[in-house]
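Please read the structure below before turning to the comments.
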Amino acid sequence: MLMLPAALCLSIAASARAGAAVPLVIYGDDDYPPYSYVENGRMKGIYTEIVREATQSMPRYAVQLRPVPWKRGVLMLQTGDAFALYPPYSWRSERPYLRYSVPLLMEQLVVLCNQDVLARRRLQQWPVDYAGLHLGVNAGFLLGDAGLMASLRAEKIVLDPAKGTRTNLLKLMRGRIDCYVSDRLSAQWELQRIRREGPPGTPMQAIQETAQLASQQGHLGFTVRRPVAYPYRDDFIEQFNAAIVRMQNNGAIRRIVDHALQP
């Protein structure tokens with residue numbers, strides 16, 4: 001486990017006493033467009049801009065945003081090696097090592113399947129009609145609570161994790177998985193890019209949305225581990241939540257979303 005250097009702890013304490021901005025790092029998913037991703041070495045996306053604008057209104061803190069593969073970022077929260085990561089859903093029983101900000105944005109989860117599956121299945125009831133299928137998910141993504149996971153196991157649905165929306169969509173369109181669970185907007189955004197670029201390889205099947213699952217809200221998630229390393233956590237969360245509420249009320253979040261979705 002990574003330990004916070006003693007010099008950094010002293011620097012944080014000195015900064016707090018002197019009234020200087022406390023330096024800290026917030027991690028974001030590096031492969032979840034259009035919400036959080038890296039382009040030309042820079043963190044971009046809807047959640048990235050929301051977090052960036054909120055923290056810029058918090059002069060007590062000098063925040064740096066860094067990308068991380070999602071699965072690694074979640075592990076860093078679990079061990080306390082990261083202070084915060086966006087945008088986890090609020091699965092409190094499955095991730096008891098997290099505290100959550102107020103919701104940042106609502107996402108709609110859907111199931112997408114390829115034409116091979118649709119030609120031999122009537123996919124009307126989730127998850128019963130998906131029994132025995134290979135279902136793609138993003139690595140580190142929690143599809144649901146313990147009850148849903150038990151239902152998937154009972155139906156012998158095989159979860160096939162892969163890194164990022166693009167990888168999963170290409171696997172789906174090339175017939176390497178049967179279906180894929182994704183946020184609708186993220187899948188639509190990436191599909192437009194795939195079709196525009198026409199990546200080489202095996203012919204790609206058409207895909208279709210077959211089920212709409214529960215909506216989920218993205219948050220900024222904070223580790224509860226190693227409280228001595230993050231003595232400012234409670235104050236940061238309070239200030240961050242207040243900033244997000246202001247942005248919701250003044251339309252800033254809506255403007256960020258609209259700008260990100262412009263062609």
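Here, A, B, ... name the chains of the structure tokens in the order displayed, residue numbers run from 1 inside each chain, and ligands are numbered from 1 in the same displayed order.
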
Task: Residues near A:Arg233, cut-off 12 Å, only C-alpha atoms, skip fewer than 4 positions along chain, as number ranges by chain - done: A: 22, 24, 61, 82-84, 98-101, 221-229, 237-240

TODO: Between A:Ile26, A:Pro103, A:Trp189, A:Arg92, single out the one closest to A:Ala260, counting only C-alpha atoms.
DONE: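 Ranked by minimum distance to A:Ala260, first place goes to A:Trp189.
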
Counting only C-alpha atoms, which residues of stretch 95-141 of chain A sit at most 12 Å from some atom of stretch 41-50 of chain A, and what is each one's closest atom pair with its distance in Å to one decimal, listed by chain and rising residue number, as a Markdown table?
```
| residue | atom | partner | partner_atom | distance |
| --- | --- | --- | --- | --- |
| A:Pro103 | CA | A:Tyr47 | CA | 11.0 |
| A:Leu104 | CA | A:Tyr47 | CA | 7.6 |
| A:Leu105 | CA | A:Tyr47 | CA | 8.1 |
| A:Met106 | CA | A:Tyr47 | CA | 11.1 |
| A:Glu107 | CA | A:Tyr47 | CA | 11.5 |
```

Go ahead and write the residues just picked, N, CA, C and O atoms, as an mmCIF file, in the first residue's frame.
```
data_model
loop_
_atom_site.group_PDB
_atom_site.id
_atom_site.type_symbol
_atom_site.label_atom_id
_atom_site.label_comp_id
_atom_site.auth_asym_id
_atom_site.auth_seq_id
_atom_site.Cartn_x
_atom_site.Cartn_y
_atom_site.Cartn_z
ATOM 1 N N PRO A 103 -25.408 13.881 -5.756
ATOM 2 C CA PRO A 103 -25.374 13.417 -7.152
ATOM 3 C C PRO A 103 -24.929 14.529 -8.096
ATOM 4 O O PRO A 103 -25.319 15.686 -7.953
ATOM 5 N N LEU A 104 -24.114 14.127 -9.082
ATOM 6 C CA LEU A 104 -23.650 15.072 -10.089
ATOM 7 C C LEU A 104 -24.532 15.066 -11.326
ATOM 8 O O LEU A 104 -24.782 16.113 -11.924
ATOM 9 N N LEU A 105 -25.007 13.863 -11.715
ATOM 10 C CA LEU A 105 -25.735 13.734 -12.972
ATOM 11 C C LEU A 105 -26.444 12.389 -12.997
ATOM 12 O O LEU A 105 -25.982 11.429 -12.379
ATOM 13 N N MET A 106 -27.558 12.332 -13.717
ATOM 14 C CA MET A 106 -28.313 11.078 -13.875
ATOM 15 C C MET A 106 -27.896 10.396 -15.176
ATOM 16 O O MET A 106 -27.798 11.030 -16.223
ATOM 17 N N GLU A 107 -27.637 9.087 -15.083
ATOM 18 C CA GLU A 107 -27.324 8.277 -16.259
ATOM 19 C C GLU A 107 -28.392 7.195 -16.414
ATOM 20 O O GLU A 107 -28.923 6.691 -15.425
#
```

Open item on the list: Quick check for you: according to DSSP on this backbone, which residues of stretch 71-214 of chain A are classed as helix (DSSP H, G or I)? Reply as JSON, numbers by chain.
Closed with: {"A": [71, 72, 73, 74, 75, 76, 77, 78, 79, 115, 116, 117, 118, 119, 120, 128, 129, 130, 146, 147, 148, 149, 150, 151, 152, 153, 154, 165, 166, 167, 168, 169, 170, 171, 172, 173, 184, 185, 186, 187, 188, 189, 190, 191, 192, 193, 194, 195, 196, 197]}

TODO: Might you pull out every residue within 7 Å of A:Thr79, with only C-alpha atoms counted and same-chain residues fewer than 2 positions away left off, and present them as a VMD selection string?
DONE: chain A and resid 1 75 to 77 81 225

Open item on the list: For stretch 121-137 of chain A, find every residue with an atom within 6 Å (counting only C-alpha atoms), except residues of its own chain fewer than 4 positions away, and show them as a list of chain:residue names.
Closed with: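 So the residues in contact are A:Val117, A:Glu155, A:Lys156, A:Ile157, A:Val158, A:Leu159, A:Asp160, A:Pro161, A:Ile177, A:Asp178, A:Cys179, A:Tyr180, A:Val181.
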
TODO: Between atom CA of A:Ile253 and atom CA of A:Tyr32, measure the distance and give it in Å to one decimal.
DONE: 18.0 Å

Task: Computed interatomic separation between atom CA of A:Asn138 and atom CA of A:Pro88 (Å) - done: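 Interatomic distance here is 12.5 Å.
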
Strand (DSSP E or B) positions in stretch 5-112 of chain A, given as an mmCIF file with all heavy atoms, in the first residue's frame:
```
data_model
loop_
_atom_site.group_PDB
_atom_site.id
_atom_site.type_symbol
_atom_site.label_atom_id
_atom_site.label_comp_id
_atom_site.auth_asym_id
_atom_site.auth_seq_id
_atom_site.Cartn_x
_atom_site.Cartn_y
_atom_site.Cartn_z
ATOM 1 N N VAL A 22 -4.699 24.003 0.039
ATOM 2 C CA VAL A 22 -4.217 22.644 0.283
ATOM 3 C C VAL A 22 -4.156 21.898 -1.048
ATOM 4 O O VAL A 22 -5.164 21.786 -1.745
ATOM 5 C CB VAL A 22 -5.159 21.901 1.254
ATOM 6 C CG1 VAL A 22 -4.711 20.448 1.428
ATOM 7 C CG2 VAL A 22 -5.203 22.608 2.601
ATOM 8 N N PRO A 23 -2.984 21.354 -1.418
ATOM 9 C CA PRO A 23 -2.901 20.610 -2.674
ATOM 10 C C PRO A 23 -3.474 19.210 -2.521
ATOM 11 O O PRO A 23 -3.207 18.519 -1.529
ATOM 12 C CB PRO A 23 -1.394 20.548 -2.936
ATOM 13 C CG PRO A 23 -0.775 20.600 -1.573
ATOM 14 C CD PRO A 23 -1.687 21.455 -0.731
ATOM 15 N N LEU A 24 -4.275 18.783 -3.490
ATOM 16 C CA LEU A 24 -4.797 17.414 -3.461
ATOM 17 C C LEU A 24 -5.113 16.961 -4.883
ATOM 18 O O LEU A 24 -5.253 17.762 -5.801
ATOM 19 C CB LEU A 24 -6.020 17.290 -2.555
ATOM 20 C CG LEU A 24 -7.270 18.119 -2.858
ATOM 21 C CD1 LEU A 24 -8.184 17.396 -3.832
ATOM 22 C CD2 LEU A 24 -8.022 18.415 -1.576
ATOM 23 N N VAL A 25 -5.218 15.636 -5.036
ATOM 24 C CA VAL A 25 -5.471 15.023 -6.340
ATOM 25 C C VAL A 25 -6.827 14.334 -6.323
ATOM 26 O O VAL A 25 -7.168 13.624 -5.364
ATOM 27 C CB VAL A 25 -4.376 13.992 -6.680
ATOM 28 C CG1 VAL A 25 -4.720 13.250 -7.979
ATOM 29 C CG2 VAL A 25 -3.024 14.668 -6.802
ATOM 30 N N ILE A 26 -7.606 14.562 -7.373
ATOM 31 C CA ILE A 26 -8.848 13.824 -7.611
ATOM 32 C C ILE A 26 -8.667 13.047 -8.907
ATOM 33 O O ILE A 26 -8.229 13.600 -9.921
ATOM 34 C CB ILE A 26 -10.057 14.774 -7.713
ATOM 35 C CG1 ILE A 26 -10.343 15.410 -6.356
ATOM 36 C CG2 ILE A 26 -11.292 14.034 -8.240
ATOM 37 C CD1 ILE A 26 -11.460 16.441 -6.393
ATOM 38 N N TYR A 27 -8.993 11.758 -8.859
ATOM 39 C CA TYR A 27 -8.855 10.899 -10.030
ATOM 40 C C TYR A 27 -10.185 10.785 -10.768
ATOM 41 O O TYR A 27 -11.261 10.836 -10.157
ATOM 42 C CB TYR A 27 -8.371 9.507 -9.619
ATOM 43 C CG TYR A 27 -6.942 9.493 -9.125
ATOM 44 C CD1 TYR A 27 -6.654 9.663 -7.772
ATOM 45 C CD2 TYR A 27 -5.883 9.324 -10.014
ATOM 46 C CE1 TYR A 27 -5.341 9.667 -7.320
ATOM 47 C CE2 TYR A 27 -4.568 9.321 -9.570
ATOM 48 C CZ TYR A 27 -4.307 9.491 -8.224
ATOM 49 O OH TYR A 27 -3.007 9.494 -7.785
ATOM 50 N N GLY A 28 -10.082 10.605 -12.087
ATOM 51 C CA GLY A 28 -11.264 10.409 -12.917
ATOM 52 C C GLY A 28 -11.051 9.237 -13.855
ATOM 53 O O GLY A 28 -9.922 8.945 -14.269
ATOM 54 N N ASP A 29 -12.134 8.559 -14.188
ATOM 55 C CA ASP A 29 -12.094 7.446 -15.138
ATOM 56 C C ASP A 29 -11.448 7.912 -16.441
ATOM 57 O O ASP A 29 -11.844 8.932 -17.009
ATOM 58 C CB ASP A 29 -13.530 6.963 -15.392
ATOM 59 C CG ASP A 29 -13.591 5.643 -16.144
ATOM 60 O OD1 ASP A 29 -12.603 5.275 -16.808
ATOM 61 O OD2 ASP A 29 -14.646 4.985 -16.072
ATOM 62 N N ASP A 31 -11.489 6.373 -19.345
ATOM 63 C CA ASP A 31 -12.041 5.798 -20.582
ATOM 64 C C ASP A 31 -13.554 5.641 -20.481
ATOM 65 O O ASP A 31 -14.090 4.558 -20.657
ATOM 66 C CB ASP A 31 -11.382 4.440 -20.849
ATOM 67 C CG ASP A 31 -11.637 3.932 -22.258
ATOM 68 O OD1 ASP A 31 -12.088 4.728 -23.102
ATOM 69 O OD2 ASP A 31 -11.404 2.731 -22.516
ATOM 70 N N TYR A 32 -14.249 6.764 -20.213
ATOM 71 C CA TYR A 32 -15.705 6.720 -20.095
ATOM 72 C C TYR A 32 -16.310 7.935 -20.801
ATOM 73 O O TYR A 32 -16.994 8.747 -20.206
ATOM 74 C CB TYR A 32 -16.097 6.683 -18.613
ATOM 75 C CG TYR A 32 -17.569 6.439 -18.351
ATOM 76 C CD1 TYR A 32 -18.317 5.576 -19.143
ATOM 77 C CD2 TYR A 32 -18.214 7.073 -17.295
ATOM 78 C CE1 TYR A 32 -19.665 5.356 -18.890
ATOM 79 C CE2 TYR A 32 -19.559 6.856 -17.025
ATOM 80 C CZ TYR A 32 -20.272 6.000 -17.831
ATOM 81 O OH TYR A 32 -21.616 5.780 -17.589
ATOM 82 N N SER A 36 -16.005 11.144 -18.890
ATOM 83 C CA SER A 36 -14.682 11.262 -18.281
ATOM 84 C C SER A 36 -13.705 10.467 -19.136
ATOM 85 O O SER A 36 -13.823 9.243 -19.234
ATOM 86 C CB SER A 36 -14.726 10.709 -16.847
ATOM 87 O OG SER A 36 -13.452 10.708 -16.257
ATOM 88 N N TYR A 37 -12.735 11.161 -19.734
ATOM 89 C CA TYR A 37 -11.809 10.470 -20.632
ATOM 90 C C TYR A 37 -10.598 11.359 -20.889
ATOM 91 O O TYR A 37 -10.569 12.534 -20.488
ATOM 92 C CB TYR A 37 -12.486 10.097 -21.945
ATOM 93 C CG TYR A 37 -13.001 11.258 -22.773
ATOM 94 C CD1 TYR A 37 -12.302 11.712 -23.887
ATOM 95 C CD2 TYR A 37 -14.195 11.904 -22.437
ATOM 96 C CE1 TYR A 37 -12.776 12.771 -24.645
ATOM 97 C CE2 TYR A 37 -14.674 12.962 -23.190
ATOM 98 C CZ TYR A 37 -13.962 13.388 -24.287
ATOM 99 O OH TYR A 37 -14.431 14.450 -25.028
ATOM 100 N N VAL A 38 -9.606 10.771 -21.540
ATOM 101 C CA VAL A 38 -8.376 11.488 -21.860
ATOM 102 C C VAL A 38 -8.316 11.712 -23.363
ATOM 103 O O VAL A 38 -8.558 10.796 -24.145
ATOM 104 C CB VAL A 38 -7.134 10.691 -21.401
ATOM 105 C CG1 VAL A 38 -5.852 11.429 -21.796
ATOM 106 C CG2 VAL A 38 -7.165 10.461 -19.899
ATOM 107 N N GLU A 39 -7.991 12.931 -23.748
ATOM 108 C CA GLU A 39 -7.799 13.265 -25.156
ATOM 109 C C GLU A 39 -6.598 14.179 -25.279
ATOM 110 O O GLU A 39 -6.559 15.233 -24.640
ATOM 111 C CB GLU A 39 -9.053 13.936 -25.733
ATOM 112 C CG GLU A 39 -8.982 14.159 -27.236
ATOM 113 C CD GLU A 39 -10.308 14.650 -27.785
ATOM 114 O OE1 GLU A 39 -10.567 15.873 -27.707
ATOM 115 O OE2 GLU A 39 -11.081 13.815 -28.282
ATOM 116 N N ARG A 42 -5.066 15.241 -21.985
ATOM 117 C CA ARG A 42 -5.825 16.117 -21.082
ATOM 118 C C ARG A 42 -7.124 15.446 -20.665
ATOM 119 O O ARG A 42 -7.818 14.844 -21.486
ATOM 120 C CB ARG A 42 -6.122 17.450 -21.779
ATOM 121 C CG ARG A 42 -6.985 18.419 -20.978
ATOM 122 C CD ARG A 42 -7.155 19.730 -21.720
ATOM 123 N NE ARG A 42 -8.215 20.560 -21.165
ATOM 124 C CZ ARG A 42 -8.101 21.328 -20.092
ATOM 125 N NH1 ARG A 42 -6.944 21.380 -19.459
ATOM 126 N NH2 ARG A 42 -9.115 22.059 -19.653
ATOM 127 N N MET A 43 -7.457 15.577 -19.382
ATOM 128 C CA MET A 43 -8.725 15.068 -18.882
ATOM 129 C C MET A 43 -9.876 15.895 -19.439
ATOM 130 O O MET A 43 -9.857 17.133 -19.367
ATOM 131 C CB MET A 43 -8.765 15.120 -17.353
ATOM 132 C CG MET A 43 -8.005 14.005 -16.665
ATOM 133 S SD MET A 43 -8.733 12.372 -16.948
ATOM 134 C CE MET A 43 -10.279 12.506 -16.059
ATOM 135 N N LYS A 44 -10.876 15.218 -20.007
ATOM 136 C CA LYS A 44 -12.026 15.896 -20.591
ATOM 137 C C LYS A 44 -13.302 15.175 -20.156
ATOM 138 O O LYS A 44 -13.258 14.168 -19.465
ATOM 139 C CB LYS A 44 -11.908 15.904 -22.115
ATOM 140 C CG LYS A 44 -10.682 16.634 -22.653
ATOM 141 C CD LYS A 44 -10.681 16.718 -24.152
ATOM 142 C CE LYS A 44 -11.713 17.706 -24.664
ATOM 143 N NZ LYS A 44 -11.638 17.923 -26.124
ATOM 144 N N TYR A 61 -8.568 24.915 -1.633
ATOM 145 C CA TYR A 61 -7.962 23.711 -2.175
ATOM 146 C C TYR A 61 -7.412 23.952 -3.575
ATOM 147 O O TYR A 61 -8.058 24.593 -4.404
ATOM 148 C CB TYR A 61 -8.997 22.574 -2.208
ATOM 149 C CG TYR A 61 -9.513 22.250 -0.828
ATOM 150 C CD1 TYR A 61 -10.717 22.790 -0.362
ATOM 151 C CD2 TYR A 61 -8.778 21.437 0.022
ATOM 152 C CE1 TYR A 61 -11.168 22.529 0.909
ATOM 153 C CE2 TYR A 61 -9.235 21.162 1.313
ATOM 154 C CZ TYR A 61 -10.420 21.711 1.751
ATOM 155 O OH TYR A 61 -10.861 21.448 3.031
ATOM 156 N N ALA A 62 -6.216 23.421 -3.802
ATOM 157 C CA ALA A 62 -5.594 23.440 -5.131
ATOM 158 C C ALA A 62 -5.702 22.027 -5.689
ATOM 159 O O ALA A 62 -4.914 21.141 -5.339
ATOM 160 C CB ALA A 62 -4.141 23.877 -5.021
ATOM 161 N N VAL A 63 -6.686 21.813 -6.542
ATOM 162 C CA VAL A 63 -7.043 20.465 -6.987
ATOM 163 C C VAL A 63 -6.422 20.162 -8.340
ATOM 164 O O VAL A 63 -6.514 20.967 -9.275
ATOM 165 C CB VAL A 63 -8.579 20.308 -7.065
ATOM 166 C CG1 VAL A 63 -8.957 18.938 -7.622
ATOM 167 C CG2 VAL A 63 -9.198 20.508 -5.680
ATOM 168 N N GLN A 64 -5.813 19.002 -8.431
ATOM 169 C CA GLN A 64 -5.296 18.486 -9.700
ATOM 170 C C GLN A 64 -6.120 17.272 -10.098
ATOM 171 O O GLN A 64 -6.342 16.365 -9.282
ATOM 172 C CB GLN A 64 -3.823 18.089 -9.568
ATOM 173 C CG GLN A 64 -3.222 17.574 -10.866
ATOM 174 C CD GLN A 64 -1.777 17.138 -10.702
ATOM 175 O OE1 GLN A 64 -1.235 17.143 -9.608
ATOM 176 N NE2 GLN A 64 -1.155 16.752 -11.790
ATOM 177 N N LEU A 65 -6.601 17.234 -11.348
ATOM 178 C CA LEU A 65 -7.367 16.106 -11.857
ATOM 179 C C LEU A 65 -6.439 15.186 -12.644
ATOM 180 O O LEU A 65 -5.706 15.639 -13.530
ATOM 181 C CB LEU A 65 -8.508 16.593 -12.761
ATOM 182 C CG LEU A 65 -9.497 17.573 -12.136
ATOM 183 C CD1 LEU A 65 -10.623 17.880 -13.114
ATOM 184 C CD2 LEU A 65 -10.066 17.040 -10.825
ATOM 185 N N ARG A 66 -6.496 13.892 -12.310
ATOM 186 C CA ARG A 66 -5.631 12.918 -12.984
ATOM 187 C C ARG A 66 -6.465 11.734 -13.474
ATOM 188 O O ARG A 66 -7.373 11.282 -12.778
ATOM 189 C CB ARG A 66 -4.560 12.378 -12.031
ATOM 190 C CG ARG A 66 -3.477 13.359 -11.659
ATOM 191 C CD ARG A 66 -2.428 12.687 -10.798
ATOM 192 N NE ARG A 66 -1.511 13.655 -10.217
ATOM 193 C CZ ARG A 66 -0.638 13.367 -9.265
ATOM 194 N NH1 ARG A 66 -0.561 12.128 -8.797
ATOM 195 N NH2 ARG A 66 0.156 14.301 -8.784
ATOM 196 N N PRO A 67 -6.126 11.210 -14.662
ATOM 197 C CA PRO A 67 -6.845 10.036 -15.173
ATOM 198 C C PRO A 67 -6.317 8.752 -14.538
ATOM 199 O O PRO A 67 -5.142 8.659 -14.159
ATOM 200 C CB PRO A 67 -6.526 10.076 -16.670
ATOM 201 C CG PRO A 67 -5.169 10.709 -16.743
ATOM 202 C CD PRO A 67 -5.129 11.727 -15.621
ATOM 203 N N VAL A 68 -7.192 7.747 -14.469
ATOM 204 C CA VAL A 68 -6.794 6.432 -13.970
ATOM 205 C C VAL A 68 -7.741 5.398 -14.571
ATOM 206 O O VAL A 68 -8.931 5.682 -14.763
ATOM 207 C CB VAL A 68 -6.846 6.395 -12.420
ATOM 208 C CG1 VAL A 68 -8.281 6.482 -11.902
ATOM 209 C CG2 VAL A 68 -6.165 5.157 -11.862
ATOM 210 N N ALA A 84 -10.108 10.760 -3.777
ATOM 211 C CA ALA A 84 -11.422 10.838 -4.416
ATOM 212 C C ALA A 84 -11.320 10.388 -5.872
ATOM 213 O O ALA A 84 -10.267 10.496 -6.503
ATOM 214 C CB ALA A 84 -11.975 12.261 -4.346
ATOM 215 N N LEU A 85 -12.464 9.903 -6.391
ATOM 216 C CA LEU A 85 -12.552 9.385 -7.754
ATOM 217 C C LEU A 85 -13.954 9.658 -8.287
ATOM 218 O O LEU A 85 -14.944 9.500 -7.557
ATOM 219 C CB LEU A 85 -12.293 7.875 -7.739
ATOM 220 C CG LEU A 85 -12.548 7.087 -9.036
ATOM 221 C CD1 LEU A 85 -11.450 7.370 -10.060
ATOM 222 C CD2 LEU A 85 -12.620 5.586 -8.744
ATOM 223 N N TYR A 86 -14.036 10.021 -9.552
ATOM 224 C CA TYR A 86 -15.359 10.172 -10.178
ATOM 225 C C TYR A 86 -15.447 9.295 -11.401
ATOM 226 O O TYR A 86 -14.441 9.006 -12.034
ATOM 227 C CB TYR A 86 -15.642 11.644 -10.527
ATOM 228 C CG TYR A 86 -14.689 12.299 -11.486
ATOM 229 C CD1 TYR A 86 -14.890 12.247 -12.876
ATOM 230 C CD2 TYR A 86 -13.576 12.994 -11.023
ATOM 231 C CE1 TYR A 86 -14.024 12.864 -13.754
ATOM 232 C CE2 TYR A 86 -12.697 13.609 -11.898
ATOM 233 C CZ TYR A 86 -12.925 13.541 -13.258
ATOM 234 O OH TYR A 86 -12.047 14.155 -14.126
ATOM 235 N N LEU A 98 -16.478 3.816 0.869
ATOM 236 C CA LEU A 98 -16.687 5.085 0.176
ATOM 237 C C LEU A 98 -17.692 5.972 0.883
ATOM 238 O O LEU A 98 -18.657 5.495 1.476
ATOM 239 C CB LEU A 98 -17.185 4.846 -1.252
ATOM 240 C CG LEU A 98 -16.202 4.400 -2.317
ATOM 241 C CD1 LEU A 98 -16.868 4.454 -3.685
ATOM 242 C CD2 LEU A 98 -14.973 5.266 -2.311
ATOM 243 N N ARG A 99 -17.451 7.281 0.805
ATOM 244 C CA ARG A 99 -18.477 8.291 1.032
ATOM 245 C C ARG A 99 -18.761 8.957 -0.307
ATOM 246 O O ARG A 99 -17.887 9.011 -1.171
ATOM 247 C CB ARG A 99 -18.000 9.343 2.044
ATOM 248 C CG ARG A 99 -18.036 8.872 3.483
ATOM 249 C CD ARG A 99 -17.554 9.956 4.423
ATOM 250 N NE ARG A 99 -18.398 11.162 4.362
ATOM 251 C CZ ARG A 99 -18.125 12.276 5.035
ATOM 252 N NH1 ARG A 99 -17.047 12.356 5.797
ATOM 253 N NH2 ARG A 99 -18.925 13.325 4.947
ATOM 254 N N TYR A 100 -19.965 9.467 -0.458
ATOM 255 C CA TYR A 100 -20.382 10.000 -1.751
ATOM 256 C C TYR A 100 -20.764 11.471 -1.642
ATOM 257 O O TYR A 100 -21.358 11.909 -0.651
ATOM 258 C CB TYR A 100 -21.582 9.220 -2.288
ATOM 259 C CG TYR A 100 -21.288 7.775 -2.580
ATOM 260 C CD1 TYR A 100 -21.461 6.805 -1.598
ATOM 261 C CD2 TYR A 100 -20.841 7.367 -3.829
ATOM 262 C CE1 TYR A 100 -21.199 5.469 -1.850
ATOM 263 C CE2 TYR A 100 -20.576 6.032 -4.095
ATOM 264 C CZ TYR A 100 -20.755 5.088 -3.100
ATOM 265 O OH TYR A 100 -20.489 3.768 -3.353
ATOM 266 N N LEU A 105 -25.007 13.863 -11.715
ATOM 267 C CA LEU A 105 -25.735 13.734 -12.972
ATOM 268 C C LEU A 105 -26.444 12.389 -12.997
ATOM 269 O O LEU A 105 -25.982 11.429 -12.379
ATOM 270 C CB LEU A 105 -24.750 13.818 -14.138
ATOM 271 C CG LEU A 105 -25.263 14.240 -15.511
ATOM 272 C CD1 LEU A 105 -25.770 15.674 -15.479
ATOM 273 C CD2 LEU A 105 -24.145 14.101 -16.542
ATOM 274 N N MET A 106 -27.558 12.332 -13.717
ATOM 275 C CA MET A 106 -28.313 11.078 -13.875
ATOM 276 C C MET A 106 -27.896 10.396 -15.176
ATOM 277 O O MET A 106 -27.798 11.030 -16.223
ATOM 278 C CB MET A 106 -29.809 11.371 -13.904
ATOM 279 C CG MET A 106 -30.674 10.123 -14.003
ATOM 280 S SD MET A 106 -30.731 9.182 -12.460
ATOM 281 C CE MET A 106 -31.834 10.240 -11.488
ATOM 282 N N GLU A 107 -27.637 9.087 -15.083
ATOM 283 C CA GLU A 107 -27.324 8.277 -16.259
ATOM 284 C C GLU A 107 -28.392 7.195 -16.414
ATOM 285 O O GLU A 107 -28.923 6.691 -15.425
ATOM 286 C CB GLU A 107 -25.955 7.604 -16.109
ATOM 287 C CG GLU A 107 -24.797 8.569 -15.935
ATOM 288 C CD GLU A 107 -23.480 7.841 -15.779
ATOM 289 O OE1 GLU A 107 -23.329 6.748 -16.357
ATOM 290 O OE2 GLU A 107 -22.605 8.356 -15.049
ATOM 291 N N GLN A 108 -28.682 6.837 -17.657
ATOM 292 C CA GLN A 108 -29.663 5.792 -17.952
ATOM 293 C C GLN A 108 -28.941 4.550 -18.456
ATOM 294 O O GLN A 108 -28.347 4.567 -19.534
ATOM 295 C CB GLN A 108 -30.669 6.261 -18.993
ATOM 296 C CG GLN A 108 -31.683 5.204 -19.389
ATOM 297 C CD GLN A 108 -32.543 4.763 -18.218
ATOM 298 O OE1 GLN A 108 -33.222 5.583 -17.610
ATOM 299 N NE2 GLN A 108 -32.512 3.476 -17.886
ATOM 300 N N LEU A 109 -28.998 3.471 -17.678
ATOM 301 C CA LEU A 109 -28.369 2.226 -18.089
ATOM 302 C C LEU A 109 -29.282 1.448 -19.032
ATOM 303 O O LEU A 109 -30.481 1.331 -18.786
ATOM 304 C CB LEU A 109 -28.042 1.356 -16.869
ATOM 305 C CG LEU A 109 -26.972 1.878 -15.921
ATOM 306 C CD1 LEU A 109 -26.740 0.871 -14.798
ATOM 307 C CD2 LEU A 109 -25.677 2.170 -16.652
ATOM 308 N N VAL A 110 -28.684 0.904 -20.095
ATOM 309 C CA VAL A 110 -29.440 0.116 -21.060
ATOM 310 C C VAL A 110 -28.643 -1.132 -21.412
ATOM 311 O O VAL A 110 -27.439 -1.223 -21.170
ATOM 312 C CB VAL A 110 -29.729 0.917 -22.352
ATOM 313 C CG1 VAL A 110 -30.601 2.129 -22.049
ATOM 314 C CG2 VAL A 110 -28.432 1.344 -23.044
ATOM 315 N N VAL A 111 -29.345 -2.104 -21.997
ATOM 316 C CA VAL A 111 -28.707 -3.307 -22.512
ATOM 317 C C VAL A 111 -28.737 -3.228 -24.039
ATOM 318 O O VAL A 111 -29.799 -3.012 -24.635
ATOM 319 C CB VAL A 111 -29.416 -4.587 -22.042
ATOM 320 C CG1 VAL A 111 -28.687 -5.827 -22.567
ATOM 321 C CG2 VAL A 111 -29.522 -4.622 -20.529
ATOM 322 N N LEU A 112 -27.588 -3.403 -24.662
ATOM 323 C CA LEU A 112 -27.457 -3.418 -26.116
ATOM 324 C C LEU A 112 -27.078 -4.830 -26.550
ATOM 325 O O LEU A 112 -26.202 -5.449 -25.940
ATOM 326 C CB LEU A 112 -26.374 -2.442 -26.570
ATOM 327 C CG LEU A 112 -26.552 -0.983 -26.135
ATOM 328 C CD1 LEU A 112 -25.267 -0.204 -26.344
ATOM 329 C CD2 LEU A 112 -27.691 -0.336 -26.898
#
```

Open item on the list: What's the separation between atom CA of A:Ser93 and atom CA of A:Leu152, in Å to one decimal place?
Closed with: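 Spanning atom CA of A:Ser93 to atom CA of A:Leu152 is a straight-line distance of 18.3 Å.
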